[in-house]
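J.: This is final00.csv, which holds CSV, N, CA and C atoms:
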chain,number,residue,atom,x,y,z
U,1,MET,N,0.8,-1.2,0.0
U,1,MET,CA,0.0,0.0,0.0
U,1,MET,C,0.9,1.3,0.0
U,2,ARG,N,2.0,1.2,0.8
U,2,ARG,CA,2.9,2.4,0.8
U,2,ARG,C,3.5,2.6,-0.5
U,3,LEU,N,3.9,1.6,-1.2
U,3,LEU,CA,4.5,1.7,-2.5
U,3,LEU,C,3.5,2.3,-3.5
U,4,ASN,N,2.3,1.8,-3.5
U,4,ASN,CA,1.2,2.3,-4.3
U,4,ASN,C,1.0,3.8,-4.1
U,5,GLU,N,1.0,4.2,-2.9
U,5,GLU,CA,0.8,5.6,-2.5
U,5,GLU,C,2.0,6.5,-3.1
U,6,GLU,N,3.2,5.9,-2.9
U,6,GLU,CA,4.3,6.6,-3.4
U,6,GLU,C,4.3,6.7,-5.0
U,7,ALA,N,3.8,5.6,-5.6
U,7,ALA,CA,3.7,5.6,-7.1
U,7,ALA,C,2.7,6.7,-7.6
U,8,GLU,N,1.6,6.8,-6.9
U,8,GLU,CA,0.6,7.8,-7.3
U,8,GLU,C,1.1,9.2,-7.2
U,9,GLN,N,2.2,9.5,-6.4
U,9,GLN,CA,2.7,10.8,-6.3
U,9,GLN,C,3.7,11.2,-7.4
U,10,ASN,N,4.1,10.1,-8.2
U,10,ASN,CA,5.1,10.3,-9.3
U,10,ASN,C,4.4,10.9,-10.5
U,11,ALA,N,5.3,11.4,-11.4
U,11,ALA,CA,4.8,11.9,-12.7
U,11,ALA,C,4.3,10.7,-13.5
U,12,PRO,N,3.5,11.0,-14.5
U,12,PRO,CA,2.9,9.9,-15.3
U,12,PRO,C,4.0,9.1,-16.0
U,13,ASP,N,5.1,9.7,-16.3
U,13,ASP,CA,6.2,8.9,-17.1
U,13,ASP,C,7.2,8.3,-16.1
U,14,ASP,N,7.0,8.3,-14.8
U,14,ASP,CA,7.9,7.6,-13.9
U,14,ASP,C,7.4,6.2,-13.6
U,15,LEU,N,8.4,5.3,-13.6
U,15,LEU,CA,8.1,3.9,-13.4
U,15,LEU,C,8.8,3.5,-12.1
U,16,PRO,N,8.0,3.3,-11.0
U,16,PRO,CA,8.6,3.0,-9.7
U,16,PRO,C,9.3,1.6,-9.7
U,17,VAL,N,10.4,1.5,-8.9
U,17,VAL,CA,11.1,0.2,-8.8
U,17,VAL,C,11.4,0.0,-7.3
U,18,ASP,N,11.1,-1.2,-6.9
U,18,ASP,CA,11.3,-1.6,-5.5
U,18,ASP,C,11.8,-3.0,-5.4
U,19,ILE,N,13.1,-3.2,-5.4
U,19,ILE,CA,13.7,-4.5,-5.3
U,19,ILE,C,14.3,-4.7,-3.9
U,20,ARG,N,13.8,-5.7,-3.2
U,20,ARG,CA,14.2,-5.8,-1.8
U,20,ARG,C,15.0,-7.1,-1.5
U,21,PRO,N,15.9,-7.0,-0.5
U,21,PRO,CA,16.7,-8.2,-0.2
U,21,PRO,C,15.8,-9.3,0.2
U,22,GLY,N,16.2,-10.5,-0.2
U,22,GLY,CA,15.4,-11.7,0.2
U,22,GLY,C,14.4,-12.1,-0.9
U,23,PHE,N,14.2,-11.3,-1.9
U,23,PHE,CA,13.3,-11.5,-3.0
U,23,PHE,C,14.1,-11.6,-4.3
U,24,THR,N,13.4,-12.0,-5.4
U,24,THR,CA,14.0,-12.1,-6.7
U,24,THR,C,14.7,-10.8,-7.0
U,25,GLY,N,16.0,-10.8,-7.4
U,25,GLY,CA,16.8,-9.7,-7.7
U,25,GLY,C,17.4,-9.0,-6.5
U,26,GLY,N,17.1,-9.5,-5.3
U,26,GLY,CA,17.4,-8.8,-4.0
U,26,GLY,C,18.9,-8.8,-3.8
U,27,GLU,N,19.7,-9.5,-4.6
U,27,GLU,CA,21.2,-9.3,-4.4
U,27,GLU,C,21.7,-7.9,-4.7
U,28,TYR,N,20.8,-7.2,-5.5
U,28,TYR,CA,21.1,-5.8,-5.8
U,28,TYR,C,19.9,-5.0,-5.4
U,29,PRO,N,19.6,-4.7,-4.1
U,29,PRO,CA,18.4,-4.0,-3.7
U,29,PRO,C,18.4,-2.6,-4.3
U,30,LEU,N,17.2,-2.2,-4.7
U,30,LEU,CA,17.1,-0.9,-5.4
U,30,LEU,C,15.7,-0.3,-5.1
U,31,HIS,N,15.7,0.9,-4.7
U,31,HIS,CA,14.4,1.6,-4.6
U,31,HIS,C,14.5,2.9,-5.2
U,32,GLY,N,13.6,3.2,-6.2
U,32,GLY,CA,13.7,4.4,-6.9
U,32,GLY,C,12.7,4.4,-8.0
U,33,LYS,N,13.0,5.1,-9.1
U,33,LYS,CA,12.1,5.2,-10.3
U,33,LYS,C,12.9,5.4,-11.5
U,34,PHE,N,12.4,4.8,-12.6
U,34,PHE,CA,12.9,5.1,-13.9
U,34,PHE,C,12.0,6.1,-14.6
U,35,ARG,N,12.6,7.1,-15.2
U,35,ARG,CA,11.8,8.1,-15.9
U,35,ARG,C,11.8,7.8,-17.4
U,36,LEU,N,10.6,7.5,-18.0
U,36,LEU,CA,10.5,7.2,-19.4
U,36,LEU,C,10.6,8.5,-20.1
U,37,ARG,N,11.4,8.5,-21.2
U,37,ARG,CA,11.7,9.7,-22.0
U,37,ARG,C,11.1,9.7,-23.3
U,38,SER,N,10.8,10.9,-23.9
U,38,SER,CA,10.3,10.9,-25.2
U,38,SER,C,11.5,10.8,-26.2
U,39,PHE,N,11.2,10.6,-27.5
U,39,PHE,CA,12.2,10.5,-28.5
U,39,PHE,C,13.0,11.8,-28.5
U,40,SER,N,12.3,12.9,-28.4
U,40,SER,CA,12.9,14.2,-28.4
U,40,SER,C,13.9,14.4,-27.2
U,41,ASN,N,13.6,13.9,-26.0
U,41,ASN,CA,14.5,14.0,-24.9
U,41,ASN,C,15.7,13.1,-25.1
U,42,ILE,N,15.5,12.0,-25.7
U,42,ILE,CA,16.7,11.1,-26.0
U,42,ILE,C,17.6,11.8,-27.0
U,43,LEU,N,17.1,12.4,-28.0
U,43,LEU,CA,18.0,13.1,-29.0
U,43,LEU,C,18.7,14.3,-28.3
U,44,TYR,N,18.0,15.0,-27.4
U,44,TYR,CA,18.6,16.1,-26.7
U,44,TYR,C,19.7,15.6,-25.8
U,45,PHE,N,19.5,14.5,-25.1
U,45,PHE,CA,20.5,13.9,-24.3
U,45,PHE,C,21.8,13.5,-25.1
U,46,LEU,N,21.6,12.9,-26.2
U,46,LEU,CA,22.7,12.5,-27.1
U,46,LEU,C,23.4,13.8,-27.6
U,47,GLY,N,22.7,14.8,-28.0
U,47,GLY,CA,23.3,16.0,-28.5
U,47,GLY,C,24.1,16.7,-27.4
U,48,ARG,N,23.5,16.8,-26.2
U,48,ARG,CA,24.2,17.5,-25.1
U,48,ARG,C,25.5,16.7,-24.7
U,49,SER,N,25.5,15.4,-24.9
U,49,SER,CA,26.7,14.7,-24.5
U,49,SER,C,27.9,14.9,-25.4
U,50,ILE,N,27.7,15.5,-26.5
U,50,ILE,CA,28.8,15.7,-27.5
U,50,ILE,C,29.8,16.7,-26.9
U,51,ALA,N,29.4,17.8,-26.4
U,51,ALA,CA,30.3,18.8,-25.9
U,51,ALA,C,30.0,19.4,-24.5
U,52,GLU,N,28.7,19.6,-24.3
U,52,GLU,CA,28.3,20.3,-23.0
U,52,GLU,C,28.5,19.5,-21.8
U,53,GLU,N,28.0,18.2,-21.9
U,53,GLU,CA,28.1,17.3,-20.7
U,53,GLU,C,28.6,15.9,-21.2
U,54,PRO,N,29.9,15.8,-21.6
U,54,PRO,CA,30.3,14.6,-22.1
U,54,PRO,C,30.2,13.4,-21.1
U,55,GLU,N,29.9,12.3,-21.6
U,55,GLU,CA,29.8,11.1,-20.8
U,55,GLU,C,31.2,10.7,-20.3
U,56,ARG,N,31.2,10.0,-19.2
U,56,ARG,CA,32.5,9.6,-18.7
U,56,ARG,C,32.4,8.1,-18.2
U,57,ASP,N,33.5,7.5,-18.2
U,57,ASP,CA,33.6,6.1,-17.8
U,57,ASP,C,33.2,5.9,-16.4
U,58,VAL,N,32.4,4.9,-16.0
U,58,VAL,CA,32.1,4.6,-14.7
U,58,VAL,C,32.6,3.2,-14.4
U,59,SER,N,33.3,3.1,-13.3
U,59,SER,CA,33.9,1.7,-13.0
U,59,SER,C,32.7,0.8,-12.7
U,60,ARG,N,32.9,-0.5,-13.1
U,60,ARG,CA,32.0,-1.5,-12.9
U,60,ARG,C,31.9,-1.9,-11.4
U,61,ASP,N,30.7,-2.0,-10.9
U,61,ASP,CA,30.6,-2.4,-9.5
U,61,ASP,C,31.0,-3.9,-9.4
U,62,PHE,N,31.7,-4.2,-8.3
U,62,PHE,CA,32.3,-5.6,-8.2
U,62,PHE,C,31.2,-6.7,-8.2
U,63,ARG,N,30.0,-6.3,-7.8
U,63,ARG,CA,28.9,-7.3,-7.8
U,63,ARG,C,28.3,-7.6,-9.2
U,64,THR,N,28.6,-6.7,-10.1
U,64,THR,CA,28.1,-6.9,-11.5
U,64,THR,C,28.9,-7.8,-12.3
U,65,PRO,N,28.2,-8.8,-12.9
U,65,PRO,CA,28.9,-9.7,-13.8
U,65,PRO,C,29.6,-9.0,-15.0
U,66,SER,N,30.7,-9.5,-15.5
U,66,SER,CA,31.4,-8.9,-16.6
U,66,SER,C,30.5,-9.0,-17.8
U,67,THR,N,30.7,-8.0,-18.7
U,67,THR,CA,30.0,-8.0,-20.0
U,67,THR,C,31.0,-7.6,-21.1
U,68,SER,N,30.7,-8.1,-22.3
U,68,SER,CA,31.6,-7.8,-23.4
U,68,SER,C,31.3,-6.4,-24.0
U,69,GLU,N,30.1,-5.8,-23.7
U,69,GLU,CA,29.8,-4.5,-24.3
U,69,GLU,C,29.5,-3.6,-23.1
U,70,ASN,N,30.4,-2.6,-22.9
U,70,ASN,CA,30.2,-1.6,-21.8
U,70,ASN,C,30.9,-0.3,-22.3
U,71,PRO,N,30.4,0.3,-23.3
U,71,PRO,CA,31.1,1.5,-23.8
U,71,PRO,C,30.8,2.7,-22.9
U,72,VAL,N,31.7,3.7,-23.0
U,72,VAL,CA,31.6,4.9,-22.2
U,72,VAL,C,30.4,5.7,-22.7
U,73,ASN,N,30.2,5.8,-24.0
U,73,ASN,CA,29.1,6.6,-24.6
U,73,ASN,C,27.9,5.8,-24.9
U,74,ALA,N,26.7,6.3,-24.7
U,74,ALA,CA,25.5,5.7,-25.2
U,74,ALA,C,25.5,5.5,-26.7
U,75,MET,N,26.0,6.6,-27.4
U,75,MET,CA,26.3,6.5,-28.8
U,75,MET,C,27.3,7.6,-29.1
U,76,GLU,N,28.5,7.1,-29.6
U,76,GLU,CA,29.6,8.0,-29.8
U,76,GLU,C,29.4,8.8,-31.1
U,77,VAL,N,29.0,10.1,-31.0
U,77,VAL,CA,28.9,10.9,-32.2
U,77,VAL,C,30.1,11.8,-32.3
U,78,LYS,N,30.7,11.8,-33.5
U,78,LYS,CA,31.9,12.6,-33.7
U,78,LYS,C,31.5,13.9,-34.5
U,79,GLU,N,32.3,14.9,-34.3
U,79,GLU,CA,32.1,16.2,-35.0
U,79,GLU,C,33.4,16.7,-35.5
U,80,THR,N,33.3,17.1,-36.8
U,80,THR,CA,34.5,17.7,-37.5
U,80,THR,C,34.1,18.9,-38.3
U,81,THR,N,35.1,19.6,-38.7
U,81,THR,CA,34.8,20.8,-39.6
U,81,THR,C,35.1,20.4,-41.1
U,82,GLU,N,35.6,19.2,-41.3
U,82,GLU,CA,35.9,18.7,-42.7
U,82,GLU,C,35.1,17.4,-42.8
U,83,PRO,N,34.7,17.1,-44.1
U,83,PRO,CA,33.9,15.9,-44.3
U,83,PRO,C,34.7,14.7,-43.8
U,84,PRO,N,34.2,13.8,-43.0
U,84,PRO,CA,34.9,12.6,-42.5
U,84,PRO,C,35.2,11.6,-43.6
U,85,GLU,N,36.3,10.9,-43.6
U,85,GLU,CA,36.6,9.9,-44.6
U,85,GLU,C,36.4,8.5,-44.1
U,86,ASP,N,36.3,8.3,-42.8
U,86,ASP,CA,36.2,6.9,-42.3
U,86,ASP,C,34.8,6.5,-42.0
U,87,THR,N,33.8,7.0,-42.7
U,87,THR,CA,32.4,6.7,-42.5
U,87,THR,C,31.6,6.7,-43.8
U,88,ASP,N,30.5,5.9,-43.8
U,88,ASP,CA,29.7,5.9,-45.0
U,88,ASP,C,28.6,7.0,-45.0
U,89,PHE,N,28.3,7.4,-43.8
U,89,PHE,CA,27.2,8.4,-43.6
U,89,PHE,C,27.6,9.5,-42.6
U,90,PHE,N,27.3,10.7,-43.0
U,90,PHE,CA,27.5,11.8,-42.1
U,90,PHE,C,26.4,12.9,-42.4
U,91,VAL,N,26.3,13.8,-41.5
U,91,VAL,CA,25.3,14.9,-41.7
U,91,VAL,C,26.1,16.2,-41.6
U,92,GLU,N,25.8,17.2,-42.5
U,92,GLU,CA,26.5,18.5,-42.4
U,92,GLU,C,25.4,19.5,-41.9
U,93,TYR,N,25.8,20.2,-40.9
U,93,TYR,CA,24.9,21.2,-40.2
U,93,TYR,C,25.8,22.4,-39.8
U,94,ARG,N,25.5,23.6,-40.4
U,94,ARG,CA,26.1,24.8,-40.0
U,94,ARG,C,27.7,24.7,-40.0
U,95,GLY,N,28.2,24.1,-41.1
U,95,GLY,CA,29.6,24.1,-41.3
U,95,GLY,C,30.3,23.0,-40.5
U,96,HIS,N,29.6,22.1,-39.8
U,96,HIS,CA,30.1,21.0,-39.0
U,96,HIS,C,29.6,19.7,-39.6
U,97,TYR,N,30.4,18.7,-39.5
U,97,TYR,CA,30.0,17.4,-39.9
U,97,TYR,C,29.9,16.4,-38.7
U,98,PHE,N,28.7,15.7,-38.7
U,98,PHE,CA,28.5,14.8,-37.6
U,98,PHE,C,28.3,13.4,-38.1
U,99,TYR,N,28.9,12.4,-37.4
U,99,TYR,CA,28.8,11.0,-37.8
U,99,TYR,C,29.0,10.1,-36.6
U,100,VAL,N,28.5,8.9,-36.7
U,100,VAL,CA,28.7,7.9,-35.6
U,100,VAL,C,30.1,7.3,-35.8
U,101,ALA,N,30.8,7.3,-34.7
U,101,ALA,CA,32.1,6.7,-34.7
U,101,ALA,C,32.1,5.2,-35.1
U,102,PRO,N,33.1,4.8,-35.8
U,102,PRO,CA,33.2,3.4,-36.1
U,102,PRO,C,33.3,2.5,-34.8
U,103,ASP,N,32.7,1.3,-34.8
U,103,ASP,CA,32.8,0.5,-33.7
U,103,ASP,C,34.2,-0.2,-33.6
U,104,LYS,N,34.5,-0.5,-32.3
U,104,LYS,CA,35.8,-1.2,-32.1
U,104,LYS,C,35.5,-2.4,-31.2
U,105,GLY,N,35.2,-3.6,-31.9
U,105,GLY,CA,35.0,-4.8,-31.1
U,105,GLY,C,33.6,-5.2,-30.9
U,106,TYR,N,32.6,-4.3,-31.0
U,106,TYR,CA,31.2,-4.6,-30.8
U,106,TYR,C,30.4,-3.6,-31.6
U,107,PRO,N,29.2,-3.9,-32.0
U,107,PRO,CA,28.3,-3.0,-32.8
U,107,PRO,C,27.5,-2.1,-32.0
U,108,TRP,N,28.0,-1.5,-30.9
U,108,TRP,CA,27.2,-0.7,-30.0
U,108,TRP,C,26.7,0.6,-30.8
U,109,ASN,N,27.5,1.3,-31.4
U,109,ASN,CA,27.1,2.5,-32.1
U,109,ASN,C,26.2,2.2,-33.3
U,110,GLN,N,26.5,1.2,-34.0
U,110,GLN,CA,25.6,0.8,-35.1
U,110,GLN,C,24.2,0.4,-34.6
U,111,THR,N,24.1,-0.3,-33.6
U,111,THR,CA,22.9,-0.7,-33.0
U,111,THR,C,22.1,0.5,-32.5
U,112,ALA,N,22.7,1.4,-31.8
U,112,ALA,CA,22.1,2.5,-31.2
U,112,ALA,C,21.6,3.4,-32.4
U,113,PHE,N,22.4,3.6,-33.4
U,113,PHE,CA,22.0,4.5,-34.5
U,113,PHE,C,20.8,3.8,-35.3
U,114,ARG,N,20.9,2.5,-35.5
U,114,ARG,CA,19.8,1.8,-36.2
U,114,ARG,C,18.5,1.9,-35.4
U,115,VAL,N,18.5,1.8,-34.1
U,115,VAL,CA,17.3,1.9,-33.3
U,115,VAL,C,16.7,3.3,-33.4
U,116,LEU,N,17.6,4.3,-33.3
U,116,LEU,CA,17.1,5.7,-33.4
U,116,LEU,C,16.6,6.0,-34.8
U,117,SER,N,17.2,5.4,-35.8
U,117,SER,CA,16.7,5.6,-37.2
U,117,SER,C,15.4,5.0,-37.4
U,118,GLN,N,15.2,3.8,-36.8
U,118,GLN,CA,13.9,3.1,-36.9
U,118,GLN,C,12.8,3.9,-36.2
U,119,VAL,N,13.1,4.4,-35.0
U,119,VAL,CA,12.1,5.2,-34.3
U,119,VAL,C,11.7,6.4,-35.0
U,120,PHE,N,12.8,7.1,-35.6
U,120,PHE,CA,12.5,8.3,-36.4
U,120,PHE,C,11.6,8.0,-37.6
U,121,GLN,N,11.9,6.9,-38.3
U,121,GLN,CA,11.1,6.5,-39.5
U,121,GLN,C,9.7,6.2,-39.1
U,122,MET,N,9.5,5.6,-37.9
U,122,MET,CA,8.1,5.3,-37.4
U,122,MET,C,7.3,6.6,-37.2
U,123,THR,N,8.0,7.6,-36.7
U,123,THR,CA,7.4,8.9,-36.4
U,123,THR,C,7.2,9.8,-37.6
U,124,MET,N,7.9,9.5,-38.7
U,124,MET,CA,7.9,10.4,-39.9
U,124,MET,C,7.2,9.7,-41.1
U,125,SER,N,6.9,8.4,-41.0
U,125,SER,CA,6.2,7.8,-42.1
U,125,SER,C,4.8,8.3,-42.4
U,126,PRO,N,4.5,8.6,-43.6
U,126,PRO,CA,3.2,9.1,-43.9
U,126,PRO,C,2.1,8.0,-43.7
U,127,VAL,N,1.0,8.4,-43.2
U,127,VAL,CA,-0.1,7.4,-43.0
U,127,VAL,C,-0.9,7.3,-44.3
U,128,PRO,N,-1.2,6.1,-44.8
U,128,PRO,CA,-1.9,6.0,-46.0
U,128,PRO,C,-3.3,6.7,-45.9
U,129,ARG,N,-3.7,7.4,-46.8
U,129,ARG,CA,-5.0,8.2,-46.7
U,129,ARG,C,-6.1,7.5,-47.6
U,130,ILE,N,-5.8,6.5,-48.3
U,130,ILE,CA,-6.7,5.8,-49.2
U,130,ILE,C,-7.8,5.1,-48.4
U,131,GLY,N,-9.0,5.5,-48.7
U,131,GLY,CA,-10.2,4.9,-48.0
U,131,GLY,C,-10.4,5.3,-46.6
U,132,VAL,N,-9.7,6.4,-46.2
U,132,VAL,CA,-9.8,6.9,-44.8
U,132,VAL,C,-10.5,8.2,-44.9
U,133,PRO,N,-11.6,8.4,-44.2
U,133,PRO,CA,-12.3,9.6,-44.2
U,133,PRO,C,-11.5,10.7,-43.5
U,134,SER,N,-11.6,11.9,-44.0
U,134,SER,CA,-10.9,13.1,-43.4
U,134,SER,C,-11.9,13.7,-42.4
U,135,ILE,N,-11.3,14.0,-41.2
U,135,ILE,CA,-12.1,14.5,-40.1
U,135,ILE,C,-11.4,15.9,-39.7
U,136,THR,N,-12.2,16.9,-39.7
U,136,THR,CA,-11.8,18.2,-39.3
U,136,THR,C,-12.5,18.6,-38.0
U,137,ILE,N,-11.7,19.0,-37.0
U,137,ILE,CA,-12.3,19.4,-35.7
U,137,ILE,C,-12.1,20.9,-35.6
U,138,ALA,N,-13.2,21.7,-35.6
U,138,ALA,CA,-13.1,23.1,-35.5
U,138,ALA,C,-12.7,23.5,-34.1
U,139,LYS,N,-11.9,24.6,-34.0
U,139,LYS,CA,-11.5,25.1,-32.6
U,139,LYS,C,-12.4,26.2,-32.2
How does the structure come out when it is put into structure tokens?
T.:
Amino acid sequence: MRLNEEAEQNAPDDLPVDIRPGFTGGEYPLHGKFRLRSFSNILYFLGRSIAEEPERDVSRDFRTPSTSENPVNAMEVKETTEPPEDTDFFVEYRGHYFYVAPDKGYPWNQTAFRVLSQVFQMTMSPVPRIGVPSITIAK
């Protein structure tokens, strides 16, 4: 009941988490919340991490099992003033060129870029209008 009351005080995009010792997952007790972000917030986070608030390496907790993929950056975006030569795709914006850094040992950047690209395509794909009535709502 107490957890439910706490959850009702959260914002609609907050997901409460309560993992207690002695229960499943209890070897890493955790009480808090995850904040679900919009696509726009995710892009803002990635853009901010380029120069304003760069990500930094965080040492692995000794209780955490080892993993083959643990990059410093969520997605390593590079910026240059000249067109990059070591990539197949880049974007030019205001005299700067942006591209995803080549992967070293695992496809982290490629996977992150692909997921963002797919989400973007889902939000930008035109909806077929054949056989669909148009509805106008007057304000």
J.: CA of Thr24 in chain U to atom N of Glu6 in chain U: how many Å, to one decimal?
T.: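 According to the coordinates, CA of Thr24 in chain U and atom N of Glu6 in chain U are separated by 21.3 Å.
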J.: Given the choices U:Tyr106, U:Phe34, U:Phe120, U:Phe98, which gets closest to Val77 in chain U if the distance is worked out from only N, CA and C atoms?
T.: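 Closest to Val77 in chain U of all the choices is U:Phe98.
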J.: Of the candidates U:Asp57, U:Gly95, U:Leu43, U:Asn10, which shows the shortest atom-to-atom distance to Glu82 in chain U, using all atoms listed in the file?
T.: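 Of U:Asp57, U:Gly95, U:Leu43, U:Asn10, the one nearest Glu82 in chain U is U:Gly95, counting all atoms listed in the file.
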J.: What's the 7 Å shell around Phe89 in chain U, counting all atoms listed in the file, without same-chain residues fewer than 3 positions away, as a list of chain:residue names?
T.: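 Answer for this query is U:Asp86, U:Phe98, U:Tyr99, U:Val100.
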J.: What does the distance between CA of Ser40 in chain U and CA of Ala112 in chain U come to in Å, to one decimal place?
T.: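 Result for CA of Ser40 in chain U versus CA of Ala112 in chain U: 15.1 Å, one decimal.
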J.: Name the residues in contact with Val58 in chain U at a cut-off of 12 Å, using only C-alpha atoms, excluding same-chain residues fewer than 6 positions from it; report them as a compact mmCIF listing (two decimals) with N, CA and C atoms, in the frame of the given file.
T.:
# COMPACT_ATOMS: atom_id res chain seq x y z
N ASN U 70 30.40 -2.60 -22.90
CA ASN U 70 30.20 -1.60 -21.80
C ASN U 70 30.90 -0.30 -22.30
N PRO U 71 30.40 0.30 -23.30
CA PRO U 71 31.10 1.50 -23.80
C PRO U 71 30.80 2.70 -22.90
N VAL U 72 31.70 3.70 -23.00
CA VAL U 72 31.60 4.90 -22.20
C VAL U 72 30.40 5.70 -22.70
N ASN U 73 30.20 5.80 -24.00
CA ASN U 73 29.10 6.60 -24.60
C ASN U 73 27.90 5.80 -24.90
J.: What residues have an atom no more than 8 Å from (15.5, 1.5, -6.8) in the file's own frame, counting only C-alpha atoms, and can you write them as a PDB file with N, CA and C atoms, keeping the file's coordinate frame?
T.:
ATOM      1  N   PRO U  16       8.000   3.300 -11.000  1.00  0.00           N
ATOM      2  CA  PRO U  16       8.600   3.000  -9.700  1.00  0.00           C
ATOM      3  C   PRO U  16       9.300   1.600  -9.700  1.00  0.00           C
ATOM      4  N   VAL U  17      10.400   1.500  -8.900  1.00  0.00           N
ATOM      5  CA  VAL U  17      11.100   0.200  -8.800  1.00  0.00           C
ATOM      6  C   VAL U  17      11.400   0.000  -7.300  1.00  0.00           C
ATOM      7  N   ASP U  18      11.100  -1.200  -6.900  1.00  0.00           N
ATOM      8  CA  ASP U  18      11.300  -1.600  -5.500  1.00  0.00           C
ATOM      9  C   ASP U  18      11.800  -3.000  -5.400  1.00  0.00           C
ATOM     10  N   ILE U  19      13.100  -3.200  -5.400  1.00  0.00           N
ATOM     11  CA  ILE U  19      13.700  -4.500  -5.300  1.00  0.00           C
ATOM     12  C   ILE U  19      14.300  -4.700  -3.900  1.00  0.00           C
ATOM     13  N   PRO U  29      19.600  -4.700  -4.100  1.00  0.00           N
ATOM     14  CA  PRO U  29      18.400  -4.000  -3.700  1.00  0.00           C
ATOM     15  C   PRO U  29      18.400  -2.600  -4.300  1.00  0.00           C
ATOM     16  N   LEU U  30      17.200  -2.200  -4.700  1.00  0.00           N
ATOM     17  CA  LEU U  30      17.100  -0.900  -5.400  1.00  0.00           C
ATOM     18  C   LEU U  30      15.700  -0.300  -5.100  1.00  0.00           C
ATOM     19  N   HIS U  31      15.700   0.900  -4.700  1.00  0.00           N
ATOM     20  CA  HIS U  31      14.400   1.600  -4.600  1.00  0.00           C
ATOM     21  C   HIS U  31      14.500   2.900  -5.200  1.00  0.00           C
ATOM     22  N   GLY U  32      13.600   3.200  -6.200  1.00  0.00           N
ATOM     23  CA  GLY U  32      13.700   4.400  -6.900  1.00  0.00           C
ATOM     24  C   GLY U  32      12.700   4.400  -8.000  1.00  0.00           C
ATOM     25  N   LYS U  33      13.000   5.100  -9.100  1.00  0.00           N
ATOM     26  CA  LYS U  33      12.100   5.200 -10.300  1.00  0.00           C
ATOM     27  C   LYS U  33      12.900   5.400 -11.500  1.00  0.00           C
TER      28      LYS U  33
END
J.: Between CA of Leu116 in chain U and atom N of Pro83 in chain U, what distance in Å does the model show, to one decimal?
T.: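 Interatomic distance here is 23.5 Å.
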J.: Among chain U, which ones does DSSP assign to strand (DSSP E or B) (computed from the backbone)? Answer as a ChimeraX atom specification.
T.: /U:14-19,30-35,77-80,91-93,96-100
J.: I need the residues of chain U that end up classed as helix (DSSP H, G or I) by DSSP on the backbone, written out as a PyMOL selection string.
T.: chain U and resi 2-8+39-48+108-124
J.: Could you please give me, as JSON, numbers by chain, the residues of protein, DNA or RNA lying at most 6.5 Å from (26.7, 0.9, -28.2) in the coordinate frame of the file, considering only N, CA and C atoms?
T.: {"U": [71, 73, 74, 75, 107, 108, 109, 110, 111, 112]}
J.: Export range 68-109 of chain U from the structure block above, keeping C-alpha atoms, as a PDB file, in the first residue's frame.
T.:
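Below you can see decode36.pdb, which holds the result:
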ATOM      1  CA  SER U  68      31.597  -7.784 -23.448  1.00  0.00           C
ATOM      2  CA  GLU U  69      29.763  -4.520 -24.252  1.00  0.00           C
ATOM      3  CA  ASN U  70      30.221  -1.644 -21.836  1.00  0.00           C
ATOM      4  CA  PRO U  71      31.056   1.505 -23.800  1.00  0.00           C
ATOM      5  CA  VAL U  72      31.596   4.888 -22.195  1.00  0.00           C
ATOM      6  CA  ASN U  73      29.117   6.592 -24.552  1.00  0.00           C
ATOM      7  CA  ALA U  74      25.485   5.685 -25.208  1.00  0.00           C
ATOM      8  CA  MET U  75      26.251   6.534 -28.834  1.00  0.00           C
ATOM      9  CA  GLU U  76      29.579   8.031 -29.812  1.00  0.00           C
ATOM     10  CA  VAL U  77      28.861  10.920 -32.183  1.00  0.00           C
ATOM     11  CA  LYS U  78      31.895  12.605 -33.735  1.00  0.00           C
ATOM     12  CA  GLU U  79      32.056  16.208 -34.959  1.00  0.00           C
ATOM     13  CA  THR U  80      34.519  17.689 -37.468  1.00  0.00           C
ATOM     14  CA  THR U  81      34.831  20.774 -39.639  1.00  0.00           C
ATOM     15  CA  GLU U  82      35.904  18.680 -42.652  1.00  0.00           C
ATOM     16  CA  PRO U  83      33.913  15.859 -44.299  1.00  0.00           C
ATOM     17  CA  PRO U  84      34.917  12.612 -42.525  1.00  0.00           C
ATOM     18  CA  GLU U  85      36.628   9.929 -44.588  1.00  0.00           C
ATOM     19  CA  ASP U  86      36.206   6.922 -42.275  1.00  0.00           C
ATOM     20  CA  THR U  87      32.397   6.664 -42.456  1.00  0.00           C
ATOM     21  CA  ASP U  88      29.704   5.889 -44.999  1.00  0.00           C
ATOM     22  CA  PHE U  89      27.193   8.368 -43.611  1.00  0.00           C
ATOM     23  CA  PHE U  90      27.463  11.843 -42.109  1.00  0.00           C
ATOM     24  CA  VAL U  91      25.316  14.930 -41.680  1.00  0.00           C
ATOM     25  CA  GLU U  92      26.470  18.485 -42.419  1.00  0.00           C
ATOM     26  CA  TYR U  93      24.948  21.200 -40.248  1.00  0.00           C
ATOM     27  CA  ARG U  94      26.131  24.820 -40.002  1.00  0.00           C
ATOM     28  CA  GLY U  95      29.618  24.066 -41.272  1.00  0.00           C
ATOM     29  CA  HIS U  96      30.133  21.035 -39.028  1.00  0.00           C
ATOM     30  CA  TYR U  97      29.977  17.360 -39.937  1.00  0.00           C
ATOM     31  CA  PHE U  98      28.460  14.810 -37.562  1.00  0.00           C
ATOM     32  CA  TYR U  99      28.791  11.035 -37.791  1.00  0.00           C
ATOM     33  CA  VAL U 100      28.678   7.938 -35.645  1.00  0.00           C
ATOM     34  CA  ALA U 101      32.142   6.717 -34.695  1.00  0.00           C
ATOM     35  CA  PRO U 102      33.212   3.351 -36.124  1.00  0.00           C
ATOM     36  CA  ASP U 103      32.807   0.474 -33.675  1.00  0.00           C
ATOM     37  CA  LYS U 104      35.792  -1.186 -32.062  1.00  0.00           C
ATOM     38  CA  GLY U 105      35.040  -4.805 -31.134  1.00  0.00           C
ATOM     39  CA  TYR U 106      31.236  -4.612 -30.844  1.00  0.00           C
ATOM     40  CA  PRO U 107      28.348  -3.047 -32.808  1.00  0.00           C
ATOM     41  CA  TRP U 108      27.157  -0.674 -30.047  1.00  0.00           C
ATOM     42  CA  ASN U 109      27.117   2.541 -32.123  1.00  0.00           C
TER      43      ASN U 109
END
